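J.: My structure file final-v7.cif, mmCIF, C-alpha atoms and all ligand atoms, is below:
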data_my_file
loop_
_atom_site.group_PDB
_atom_site.id
_atom_site.type_symbol
_atom_site.label_atom_id
_atom_site.label_comp_id
_atom_site.auth_asym_id
_atom_site.auth_seq_id
_atom_site.Cartn_x
_atom_site.Cartn_y
_atom_site.Cartn_z
ATOM 1 C CA MET A 1 20.978 3.961 8.954
ATOM 2 C CA PRO A 2 17.897 4.626 11.085
ATOM 3 C CA ALA A 3 17.719 2.348 14.076
ATOM 4 C CA GLY A 4 15.422 -0.628 13.827
ATOM 5 C CA THR A 5 15.227 -0.955 10.066
ATOM 6 C CA LEU A 6 17.773 -3.763 9.772
ATOM 7 C CA TYR A 7 16.029 -7.056 10.274
ATOM 8 C CA ARG A 8 17.094 -10.667 10.029
ATOM 9 C CA GLY A 9 17.548 -11.083 6.284
ATOM 10 C CA ARG A 10 16.270 -13.983 4.198
ATOM 11 C CA GLU A 11 12.788 -14.336 2.692
ATOM 12 C CA GLY A 12 10.959 -12.689 5.573
ATOM 13 C CA MET A 13 12.897 -9.443 5.384
ATOM 14 C CA TRP A 14 13.148 -9.204 1.619
ATOM 15 C CA SER A 15 9.434 -9.826 1.111
ATOM 16 C CA TRP A 16 8.797 -7.037 3.647
ATOM 17 C CA VAL A 17 11.151 -4.685 1.757
ATOM 18 C CA ALA A 18 9.415 -5.510 -1.533
ATOM 19 C CA HIS A 19 5.982 -5.060 0.058
ATOM 20 C CA ARG A 20 6.994 -1.625 1.348
ATOM 21 C CA VAL A 21 8.601 -0.453 -1.915
ATOM 22 C CA THR A 22 5.643 -1.617 -4.025
ATOM 23 C CA GLY A 23 3.137 -0.070 -1.586
ATOM 24 C CA VAL A 24 4.810 3.342 -1.805
ATOM 25 C CA LEU A 25 5.104 3.121 -5.600
ATOM 26 C CA ILE A 26 1.430 2.228 -5.996
ATOM 27 C CA PHE A 27 0.392 5.122 -3.769
ATOM 28 C CA PHE A 28 2.312 7.662 -5.870
ATOM 29 C CA PHE A 29 0.837 6.219 -9.046
ATOM 30 C CA LEU A 30 -2.672 6.374 -7.585
ATOM 31 C CA PHE A 31 -2.221 10.074 -6.824
ATOM 32 C CA VAL A 32 -1.276 10.813 -10.457
ATOM 33 C CA HIS A 33 -3.981 8.483 -11.749
ATOM 34 C CA VAL A 34 -6.782 10.310 -9.900
ATOM 35 C CA LEU A 35 -5.468 13.593 -11.331
ATOM 36 C CA ASP A 36 -5.433 12.322 -14.934
ATOM 37 C CA THR A 37 -8.872 10.763 -14.573
ATOM 38 C CA ALA A 38 -10.204 14.084 -13.248
ATOM 39 C CA LEU A 39 -9.733 15.431 -16.787
ATOM 40 C CA VAL A 40 -13.043 13.739 -17.737
ATOM 41 C CA ARG A 41 -14.571 16.737 -15.940
ATOM 42 C CA VAL A 42 -12.697 19.136 -18.249
ATOM 43 C CA SER A 43 -13.501 17.799 -21.722
ATOM 44 C CA PRO A 44 -13.512 14.525 -23.680
ATOM 45 C CA GLU A 45 -10.533 15.852 -25.693
ATOM 46 C CA ALA A 46 -8.473 16.657 -22.600
ATOM 47 C CA TYR A 47 -9.117 13.175 -21.252
ATOM 48 C CA ASP A 48 -8.383 11.368 -24.509
ATOM 49 C CA ASP A 49 -5.159 13.375 -24.847
ATOM 50 C CA VAL A 50 -3.844 12.229 -21.491
ATOM 51 C CA VAL A 51 -4.970 8.641 -22.132
ATOM 52 C CA ALA A 52 -2.897 8.775 -25.334
ATOM 53 C CA THR A 53 0.214 8.854 -23.092
ATOM 54 C CA TYR A 54 -0.927 5.603 -21.522
ATOM 55 C CA LYS A 55 -0.971 4.081 -25.013
ATOM 56 C CA ASN A 56 2.623 5.072 -25.741
ATOM 57 C CA PRO A 57 4.817 1.911 -25.978
ATOM 58 C CA VAL A 58 7.169 2.968 -23.171
ATOM 59 C CA VAL A 59 4.297 3.903 -20.864
ATOM 60 C CA ASN A 60 2.493 0.700 -21.840
ATOM 61 C CA LEU A 61 5.559 -1.217 -20.625
ATOM 62 C CA LEU A 62 5.479 0.805 -17.389
ATOM 63 C CA GLU A 63 1.843 -0.319 -16.980
ATOM 64 C CA TYR A 64 3.040 -3.911 -17.133
ATOM 65 C CA GLY A 65 5.542 -2.995 -14.404
ATOM 66 C CA LEU A 66 2.762 -1.380 -12.364
ATOM 67 C CA VAL A 67 0.706 -4.560 -12.664
ATOM 68 C CA ALA A 68 3.783 -6.518 -11.515
ATOM 69 C CA ALA A 69 4.089 -4.309 -8.424
ATOM 70 C CA ILE A 70 0.361 -4.413 -7.583
ATOM 71 C CA LEU A 71 0.135 -8.181 -8.099
ATOM 72 C CA PHE A 72 3.089 -8.792 -5.781
ATOM 73 C CA HIS A 73 1.733 -6.388 -3.142
ATOM 74 C CA ALA A 74 -1.755 -7.922 -3.321
ATOM 75 C CA LEU A 75 -0.627 -11.569 -3.163
ATOM 76 C CA ASN A 76 1.990 -10.924 -0.496
ATOM 77 C CA GLY A 77 -0.569 -8.822 1.418
ATOM 78 C CA LEU A 78 -2.810 -11.893 1.597
ATOM 79 C CA ARG A 79 0.221 -13.822 2.880
ATOM 80 C CA VAL A 80 0.759 -11.195 5.604
ATOM 81 C CA VAL A 81 -2.909 -11.549 6.613
ATOM 82 C CA ALA A 82 -2.490 -15.321 6.728
ATOM 83 C CA VAL A 83 0.648 -15.041 8.892
ATOM 84 C CA ASP A 84 -1.272 -12.803 11.305
ATOM 85 C CA PHE A 85 -4.586 -14.658 11.513
ATOM 86 C CA TRP A 86 -3.946 -18.325 10.614
ATOM 87 C CA ASP A 87 -2.537 -20.279 13.536
ATOM 88 C CA LYS A 88 -0.016 -22.076 11.295
ATOM 89 C CA GLY A 89 0.713 -18.900 9.324
ATOM 90 C CA ALA A 90 4.087 -18.115 10.856
ATOM 91 C CA LYS A 91 5.207 -21.727 10.447
ATOM 92 C CA TYR A 92 4.419 -21.775 6.734
ATOM 93 C CA GLN A 93 5.378 -18.185 5.874
ATOM 94 C CA ARG A 94 8.243 -19.307 3.593
ATOM 95 C CA GLN A 95 6.161 -21.834 1.712
ATOM 96 C CA MET A 96 3.470 -19.161 1.315
ATOM 97 C CA LEU A 97 6.014 -16.719 -0.111
ATOM 98 C CA TRP A 98 7.078 -19.224 -2.745
ATOM 99 C CA THR A 99 3.405 -19.882 -3.518
ATOM 100 C CA VAL A 100 2.936 -16.117 -3.914
ATOM 101 C CA MET A 101 5.905 -15.973 -6.295
ATOM 102 C CA ALA A 102 4.619 -18.928 -8.327
ATOM 103 C CA VAL A 103 1.132 -17.425 -8.709
ATOM 104 C CA TRP A 104 2.766 -14.083 -9.536
ATOM 105 C CA VAL A 105 4.881 -15.637 -12.336
ATOM 106 C CA VAL A 106 1.848 -17.421 -13.815
ATOM 107 C CA LEU A 107 -0.341 -14.288 -13.779
ATOM 108 C CA MET A 108 2.480 -12.112 -15.169
ATOM 109 C CA ALA A 109 3.078 -14.572 -17.991
ATOM 110 C CA GLY A 110 -0.630 -14.833 -18.741
ATOM 111 C CA SER A 111 -1.160 -11.080 -18.837
ATOM 112 C CA PHE A 112 1.960 -10.259 -20.895
ATOM 113 C CA TYR A 113 0.258 -10.414 -24.266
ATOM 114 C CA PRO A 114 -3.131 -8.902 -23.299
ATOM 115 C CA ILE A 115 -1.532 -5.905 -21.578
ATOM 116 C CA LEU A 116 1.110 -5.255 -24.234
ATOM 117 C CA GLU A 117 -1.102 -6.182 -27.192
ATOM 118 C CA HIS A 118 -1.594 -2.513 -28.031
ATOM 119 C CA THR A 119 2.165 -1.887 -28.213
ATOM 120 C CA LEU A 120 2.946 -5.132 -30.018
ATOM 121 C CA ARG A 121 0.322 -4.287 -32.656
ATOM 122 C CA THR A 122 1.482 -0.694 -33.173
ATOM 123 C CA LEU A 123 5.156 -1.671 -33.341
ATOM 124 C CA PHE A 124 5.007 -4.963 -35.243
ATOM 125 C CA GLY A 125 1.436 -5.270 -36.543
ATOM 126 C CA SER A 126 0.662 -4.964 -40.206
ATOM 127 C CA MET B 1 30.700 -11.143 47.321
ATOM 128 C CA SER B 2 30.499 -14.930 47.044
ATOM 129 C CA ALA B 3 32.677 -16.899 44.659
ATOM 130 C CA GLU B 4 29.803 -17.807 42.299
ATOM 131 C CA SER B 5 28.852 -14.238 41.480
ATOM 132 C CA ASN B 6 32.419 -13.493 40.441
ATOM 133 C CA SER B 7 31.763 -15.336 37.191
ATOM 134 C CA VAL B 8 29.268 -12.605 36.252
ATOM 135 C CA ASP B 9 30.765 -9.475 34.763
ATOM 136 C CA LEU B 10 29.630 -6.815 37.206
ATOM 137 C CA THR B 11 29.954 -3.181 36.351
ATOM 138 C CA SER B 12 30.904 -0.713 39.033
ATOM 139 C CA SER B 13 27.348 0.570 39.388
ATOM 140 C CA SER B 14 25.429 -2.697 39.346
ATOM 141 C CA SER B 15 27.830 -4.334 41.780
ATOM 142 C CA GLN B 16 26.704 -1.993 44.513
ATOM 143 C CA TYR B 17 23.159 -3.422 44.583
ATOM 144 C CA SER B 18 22.313 -6.167 47.014
ATOM 145 C CA VAL B 19 19.310 -7.405 48.960
ATOM 146 C CA GLU B 20 19.894 -4.616 51.451
ATOM 147 C CA ASN B 21 20.475 -2.041 48.729
ATOM 148 C CA PRO B 22 18.156 -2.963 45.805
ATOM 149 C CA ALA B 23 18.385 -1.367 42.399
ATOM 150 C CA PRO B 24 15.783 1.342 41.781
ATOM 151 C CA PHE B 25 12.558 0.087 40.185
ATOM 152 C CA ILE B 26 12.291 0.957 36.517
ATOM 153 C CA GLU B 27 8.814 1.069 34.952
ATOM 154 C CA ALA B 28 8.380 -1.334 32.009
ATOM 155 C CA ALA B 29 8.853 0.592 28.759
ATOM 156 C CA ARG B 30 5.257 0.402 27.590
ATOM 157 C CA ALA B 31 3.465 0.448 30.935
ATOM 158 C CA ARG B 32 0.770 3.092 31.191
ATOM 159 C CA THR B 33 1.382 5.546 33.981
ATOM 160 C CA LYS B 34 -0.264 8.754 35.101
ATOM 161 C CA ARG B 35 2.087 10.576 32.800
ATOM 162 C CA THR B 36 1.164 8.617 29.662
ATOM 163 C CA PRO B 37 -0.417 11.175 27.301
ATOM 164 C CA ARG B 38 -4.167 10.902 26.794
ATOM 165 C CA GLY B 39 -3.678 10.279 23.089
ATOM 166 C CA GLY B 40 -1.765 7.129 23.883
ATOM 167 C CA ARG B 41 -4.806 5.605 25.572
ATOM 168 C CA THR B 42 -6.904 4.988 22.481
ATOM 169 C CA ASN B 43 -6.780 1.970 20.238
ATOM 170 C CA PHE B 44 -5.952 3.958 17.116
ATOM 171 C CA GLU B 45 -2.837 2.014 16.143
ATOM 172 C CA MET B 46 -4.624 -1.287 16.631
ATOM 173 C CA GLN B 47 -7.607 -0.100 14.583
ATOM 174 C CA ALA B 48 -5.236 1.057 11.845
ATOM 175 C CA TRP B 49 -3.582 -2.372 11.877
ATOM 176 C CA VAL B 50 -6.966 -4.100 11.464
ATOM 177 C CA PHE B 51 -8.002 -1.615 8.779
ATOM 178 C CA MET B 52 -4.846 -2.386 6.724
ATOM 179 C CA ARG B 53 -5.822 -6.058 6.655
ATOM 180 C CA LEU B 54 -9.558 -5.643 5.997
ATOM 181 C CA SER B 55 -9.090 -2.992 3.320
ATOM 182 C CA GLY B 56 -6.303 -5.093 1.777
ATOM 183 C CA ILE B 57 -8.629 -8.054 1.338
ATOM 184 C CA LEU B 58 -11.342 -5.895 -0.256
ATOM 185 C CA LEU B 59 -8.765 -4.199 -2.481
ATOM 186 C CA VAL B 60 -7.683 -7.546 -3.921
ATOM 187 C CA VAL B 61 -11.113 -7.832 -5.560
ATOM 188 C CA LEU B 62 -11.568 -4.130 -6.380
ATOM 189 C CA VAL B 63 -8.067 -3.414 -7.736
ATOM 190 C CA LEU B 64 -7.388 -6.692 -9.533
ATOM 191 C CA GLY B 65 -10.887 -6.495 -11.063
ATOM 192 C CA HIS B 66 -10.147 -2.937 -12.170
ATOM 193 C CA LEU B 67 -6.834 -3.946 -13.777
ATOM 194 C CA LEU B 68 -8.477 -6.895 -15.501
ATOM 195 C CA ILE B 69 -11.167 -4.701 -17.062
ATOM 196 C CA GLN B 70 -8.963 -1.719 -17.943
ATOM 197 C CA LEU B 71 -5.687 -3.362 -18.997
ATOM 198 C CA VAL B 72 -6.293 -7.014 -19.842
ATOM 199 C CA LEU B 73 -9.734 -7.680 -21.371
ATOM 200 C CA ASP B 74 -10.973 -6.334 -24.729
ATOM 201 C CA GLY B 75 -7.694 -5.182 -26.260
ATOM 202 C CA GLY B 76 -6.165 -3.821 -23.075
ATOM 203 C CA VAL B 77 -5.400 -0.109 -23.002
ATOM 204 C CA SER B 78 -6.503 0.398 -26.658
ATOM 205 C CA LYS B 79 -10.187 0.772 -25.830
ATOM 206 C CA ILE B 80 -9.814 3.335 -23.048
ATOM 207 C CA GLY B 81 -11.131 6.803 -23.747
ATOM 208 C CA PHE B 82 -13.876 9.215 -22.740
ATOM 209 C CA ALA B 83 -16.563 7.022 -24.340
ATOM 210 C CA PHE B 84 -15.394 3.972 -22.420
ATOM 211 C CA VAL B 85 -15.492 5.881 -19.111
ATOM 212 C CA ALA B 86 -18.947 7.246 -19.928
ATOM 213 C CA GLY B 87 -20.183 3.742 -20.675
ATOM 214 C CA ARG B 88 -18.978 2.356 -17.366
ATOM 215 C CA TRP B 89 -20.090 5.252 -15.153
ATOM 216 C CA ALA B 90 -23.592 5.050 -16.636
ATOM 217 C CA SER B 91 -24.023 2.173 -14.195
ATOM 218 C CA PRO B 92 -24.308 2.839 -10.442
ATOM 219 C CA PHE B 93 -22.577 -0.493 -9.877
ATOM 220 C CA TRP B 94 -19.291 0.720 -11.377
ATOM 221 C CA GLN B 95 -19.665 4.136 -9.734
ATOM 222 C CA VAL B 96 -19.889 2.470 -6.316
ATOM 223 C CA TRP B 97 -17.039 0.117 -7.252
ATOM 224 C CA ASP B 98 -14.748 2.990 -8.201
ATOM 225 C CA LEU B 99 -15.777 5.105 -5.223
ATOM 226 C CA LEU B 100 -15.054 2.287 -2.775
ATOM 227 C CA MET B 101 -11.755 1.519 -4.495
ATOM 228 C CA LEU B 102 -10.749 5.195 -4.365
ATOM 229 C CA TRP B 103 -11.487 5.605 -0.655
ATOM 230 C CA LEU B 104 -10.064 2.278 0.484
ATOM 231 C CA ALA B 105 -6.903 2.492 -1.633
ATOM 232 C CA MET B 106 -6.205 6.101 -0.621
ATOM 233 C CA LEU B 107 -6.755 5.482 3.094
ATOM 234 C CA HIS B 108 -4.827 2.186 2.984
ATOM 235 C CA GLY B 109 -1.957 3.767 1.066
ATOM 236 C CA ALA B 110 -1.920 6.913 3.234
ATOM 237 C CA ASN B 111 -1.835 4.881 6.424
ATOM 238 C CA GLY B 112 0.940 2.750 4.940
ATOM 239 C CA LEU B 113 2.930 5.879 4.082
ATOM 240 C CA ARG B 114 2.357 7.234 7.593
ATOM 241 C CA THR B 115 4.073 4.096 8.899
ATOM 242 C CA VAL B 116 6.942 4.515 6.456
ATOM 243 C CA ILE B 117 7.411 8.190 7.449
ATOM 244 C CA ASN B 118 7.325 7.278 11.154
ATOM 245 C CA ASP B 119 10.011 4.663 10.490
ATOM 246 C CA TYR B 120 12.504 6.760 8.547
ATOM 247 C CA ALA B 121 12.011 10.451 9.375
ATOM 248 C CA GLU B 122 13.893 10.794 12.636
ATOM 249 C CA ARG B 123 13.712 14.544 13.236
ATOM 250 C CA ASP B 124 10.456 15.622 14.866
ATOM 251 C CA ASN B 125 9.998 18.552 12.503
ATOM 252 C CA THR B 126 10.670 16.585 9.354
ATOM 253 C CA ARG B 127 8.322 13.832 10.450
ATOM 254 C CA PHE B 128 5.568 16.288 11.320
ATOM 255 C CA TRP B 129 5.730 18.152 8.014
ATOM 256 C CA LEU B 130 6.028 15.046 5.859
ATOM 257 C CA LYS B 131 2.837 13.763 7.476
ATOM 258 C CA MET B 132 1.064 17.088 6.975
ATOM 259 C CA VAL B 133 1.941 16.990 3.268
ATOM 260 C CA LEU B 134 0.742 13.379 3.127
ATOM 261 C CA TYR B 135 -2.590 14.186 4.821
ATOM 262 C CA ALA B 136 -3.185 17.237 2.629
ATOM 263 C CA ALA B 137 -2.474 15.270 -0.564
ATOM 264 C CA THR B 138 -4.715 12.432 0.633
ATOM 265 C CA VAL B 139 -7.699 14.647 1.502
ATOM 266 C CA PHE B 140 -7.312 16.524 -1.781
ATOM 267 C CA THR B 141 -7.121 13.340 -3.884
ATOM 268 C CA VAL B 142 -10.046 11.613 -2.163
ATOM 269 C CA LEU B 143 -12.277 14.700 -2.478
ATOM 270 C CA LEU B 144 -11.307 15.354 -6.098
ATOM 271 C CA GLY B 145 -11.912 11.730 -7.091
ATOM 272 C CA THR B 146 -15.250 11.615 -5.267
ATOM 273 C CA LEU B 147 -16.360 14.850 -6.906
ATOM 274 C CA VAL B 148 -15.407 13.536 -10.355
ATOM 275 C CA ILE B 149 -17.363 10.304 -9.895
ATOM 276 C CA PHE B 150 -20.479 12.085 -8.587
ATOM 277 C CA THR B 151 -20.514 14.980 -11.061
ATOM 278 C CA PHE B 152 -19.446 13.100 -14.197
ATOM 279 C CA ASP B 153 -21.351 14.408 -17.218
ATOM 280 C CA PRO B 154 -21.310 12.259 -20.378
ATOM 281 C CA ASN B 155 -22.636 15.228 -22.409
ATOM 282 C CA ILE B 156 -20.049 17.734 -21.234
ATOM 283 C CA GLN B 157 -19.550 20.688 -23.690
HETATM 284 C C1 LIG A 201 -4.483 -5.061 -3.776
HETATM 285 C C2 LIG A 201 -4.672 -5.458 -2.552
HETATM 286 C C3 LIG A 201 -3.810 -5.038 -1.372
HETATM 287 C C4 LIG A 201 -3.525 -5.852 -0.316
HETATM 288 C C5 LIG A 201 -3.993 -7.293 -0.088
HETATM 289 C C6 LIG A 201 -2.690 -5.087 0.584
HETATM 290 C C7 LIG A 201 -2.249 -5.548 1.802
HETATM 291 C C8 LIG A 201 -1.476 -4.848 2.677
HETATM 292 C C9 LIG A 201 -1.193 -5.220 4.035
HETATM 293 C C10 LIG A 201 -1.729 -6.461 4.755
HETATM 294 C C11 LIG A 201 -0.368 -4.272 4.556
HETATM 295 C C12 LIG A 201 0.181 -4.218 5.979
HETATM 296 C C13 LIG A 201 1.559 -4.754 6.052
HETATM 297 C C14 LIG A 201 2.091 -4.709 7.469
HETATM 298 O O1 LIG A 201 1.428 -4.169 8.364
HETATM 299 O O2 LIG A 201 3.196 -5.232 7.641
HETATM 300 C C15 LIG A 201 -0.113 -3.301 3.524
HETATM 301 C C16 LIG A 201 0.735 -2.220 3.649
HETATM 302 C C17 LIG A 201 0.823 -1.199 2.720
HETATM 303 N N1 LIG A 201 0.081 -1.073 1.568
HETATM 304 FE FE1 LIG A 201 -1.166 -2.451 0.827
HETATM 305 N N2 LIG A 201 -2.465 -3.839 0.059
HETATM 306 C C18 LIG A 201 -3.152 -3.754 -1.136
HETATM 307 C C19 LIG A 201 -3.223 -2.628 -1.949
HETATM 308 C C20 LIG A 201 -2.516 -1.455 -1.761
HETATM 309 C C21 LIG A 201 -2.641 -0.257 -2.571
HETATM 310 C C22 LIG A 201 -3.609 -0.090 -3.752
HETATM 311 C C23 LIG A 201 -1.747 0.651 -2.070
HETATM 312 C C24 LIG A 201 -1.463 2.070 -2.531
HETATM 313 C C25 LIG A 201 -2.383 2.968 -2.718
HETATM 314 C C26 LIG A 201 -1.071 0.030 -0.955
HETATM 315 C C27 LIG A 201 -0.089 0.637 -0.191
HETATM 316 C C28 LIG A 201 0.455 0.128 0.953
HETATM 317 C C29 LIG A 201 1.490 0.761 1.734
HETATM 318 C C30 LIG A 201 2.197 2.082 1.419
HETATM 319 C C31 LIG A 201 1.729 -0.084 2.845
HETATM 320 C C32 LIG A 201 2.724 0.145 3.983
HETATM 321 C C33 LIG A 201 3.947 -0.725 3.789
HETATM 322 C C34 LIG A 201 4.795 -0.849 5.017
HETATM 323 O O3 LIG A 201 4.431 -0.351 6.108
HETATM 324 O O4 LIG A 201 5.845 -1.467 4.899
HETATM 325 N N3 LIG A 201 -1.566 -1.240 -0.784
HETATM 326 N N4 LIG A 201 -0.804 -3.661 2.375
#
Give the structure from the file, written as structure tokens.
T.:
Amino acid sequence: MPAGTLYRGREGMWSWVAHRVTGVLIFFFLFVHVLDTALVRVSPEAYDDVVATYKNPVVNLLEYGLVAAILFHALNGLRVVAVDFWDKGAKYQRQMLWTVMAVWVVLMAGSFYPILEHTLRTLFGS
Amino acid sequence: MSAESNSVDLTSSSSQYSVENPAPFIEAARARTKRTPRGGRTNFEMQAWVFMRLSGILLVVLVLGHLLIQLVLDGGVSKIGFAFVAGRWASPFWQVWDLLMLWLAMLHGANGLRTVINDYAERDNTRFWLKMVLYAATVFTVLLGTLVIFTFDPNIQ
């Protein structure tokens, strides 16, 4: 275990772990995503072919997972900024984390159908 | 030795120090001395810290807006294709949006990964090469993405 990576546990540490894991995940996705988008410079067919993978049900579900990761990272990132710049930020960091989680749950629930509509229609639509 | 100081657990070396024989002065860990490398005298780490927060705030709008348009509105992923991209990049507004998002997200993510590498890669060589790979991948991705946005041709072929 590298020195200095064990912290004090509880919400503060676990939100930091989740922020780090999601940040790294998003970065790797972004790298791939710029590469696939670059295919618009090759031909419309090449681009539409690669976008077809994004429409595959399994990949569509992964997109929902990607949105979950980005939403957490974005909302918790705003919490980190508030802890650093708001004078009561450190005092309310736990309450802010639970607010982040509540907003996250609401947005995830609200976007479930719109994001997976394509898959739900191809699998169960008539 | 007086009776009071016997309650303190003195080690053989520290017990030798006294007013007449003071312990050697040790420089505070982060104090800047003549031997501090030049590179350590800039504010780079502080600027990077500020950049993470400013870019993060901008990315909330850029990235969540992007996800809303691409994955949530108008049938989600169904509508995406060459024609959809051509339609959006016909407008300078969305070109600037995507360009800003590309640069900010790549620099924010790369700086974040630099921190992660510094934290976990303990061997000097490993750390150095991981960061070189990271910087190369970042420069390549940013340039490729920028080129694609600026040279996009809706009538290709
Ligand atoms: C959507 C809005 C975003 C916000 C508000 C945000 C906010 C932040 C903040 C404030 C930090 C600094 C945390 C700290 O110093 O402790 C951070 C770290 C990081 N972010 Fe973001 N970010 C966003 C998007 C992204 C994106 C798109 C990526 C990937 C390309 C990303 C990757 C990272 C990484 C890898 C770290 C380093 C994590 C660590 O050191 O533990 N972030 N983010």
J.: Work out how far CA of Leu78 in chain A is from atom C5 of ligand LIG 201 (chain A), in Å to one decimal.
T.: 5.0 Å
J.: Up to 9 Å from (-5.7, 4.9, -6.6) in the file's coordinates: name the residues, counting only C-alpha atoms, as an MDAnalysis selection string.
T.: (chainID A and resid 26:34) or (chainID B and resid 63 101:106 109 141)
J.: May I ask which of the residues B:Met52, B:Leu62, B:Ala137, B:Ala110 is the closest one to Asp84 in chain A, counting all atoms listed in the file?
T.: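 Counting all atoms listed in the file, the residue closest to Asp84 in chain A is B:Met52.
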J.: Output as an NGL selection string the set of chain B residues within 9 Å of chain A, with distances taken over all atoms listed in the file.
T.: :B and (53-54 or 56-57 or 59-60 or 63-64 or 67 or 71-78 or 80-83 or 85 or 102 or 105-106 or 109-110 or 112-113 or 116 or 119-122 or 137-138 or 141-142 or 144-145 or 147-149 or 151-154 or 156-157)
J.: Grab the atom C24 of ligand LIG 201 (chain A) to CA of Leu66 in chain A distance for me, in Å with one decimal place.
T.: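 Result for atom C24 of ligand LIG 201 (chain A) versus CA of Leu66 in chain A: 11.2 Å, one decimal.
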J.: For ligand LIG 201 (chain A), which of B:Ala29, B:Leu107, B:Leu100, B:Ala86 is the closest residue, counting only C-alpha atoms and all ligand atoms?
T.: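 Ranking B:Ala29, B:Leu107, B:Leu100, B:Ala86 by distance to ligand LIG 201 (chain A), first place goes to B:Leu107.
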J.: Take atom C11 of ligand LIG 201 (chain A) and CA of Glu45 in chain B and report the distance between them in Å, one decimal.
T.: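 So the answer is 13.4 Å.
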J.: Which residue is closest to Val100 in chain A? Choose from A:Thr22, A:Thr53, A:Ser15, A:Asn76 and count all atoms listed in the file.
T.: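 Of all the options, A:Asn76 lies closest to Val100 in chain A.
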J.: Select, from B:Thr42, B:Gln95, B:Gln47, B:Gln70, the residue with the minimum atom-to-atom distance to ligand LIG 201 (chain A), counting all atoms listed in the file.
T.: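 Using all atoms listed in the file, the shortest distance to ligand LIG 201 (chain A) belongs to B:Gln47.
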J.: Using only C-alpha atoms and all ligand atoms, which of the listed residues (A:Thr99, A:Glu11, A:Gly125, A:Phe72) sits closest to ligand LIG 201 (chain A)?
T.: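 Among A:Thr99, A:Glu11, A:Gly125, A:Phe72, it is A:Phe72 that comes nearest to ligand LIG 201 (chain A).
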J.: Given 6 Å of margin on each side, can you work out the centre and size in Å (one decimal) of an axis-aligned box holding every listed atom of range 77-86 of chain A, as JSON?
T.:
{"center_x": -1.9, "center_y": -13.6, "center_z": 6.5, "size_x": 17.3, "size_y": 21.5, "size_z": 22.1}
J.: Which residue gives the smallest distance to ligand LIG 201 (chain A) among B:His108, B:Lys79, B:His66, B:Arg88, with all atoms listed in the file counted?
T.: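 Closest to ligand LIG 201 (chain A), using all atoms listed in the file: B:His108.
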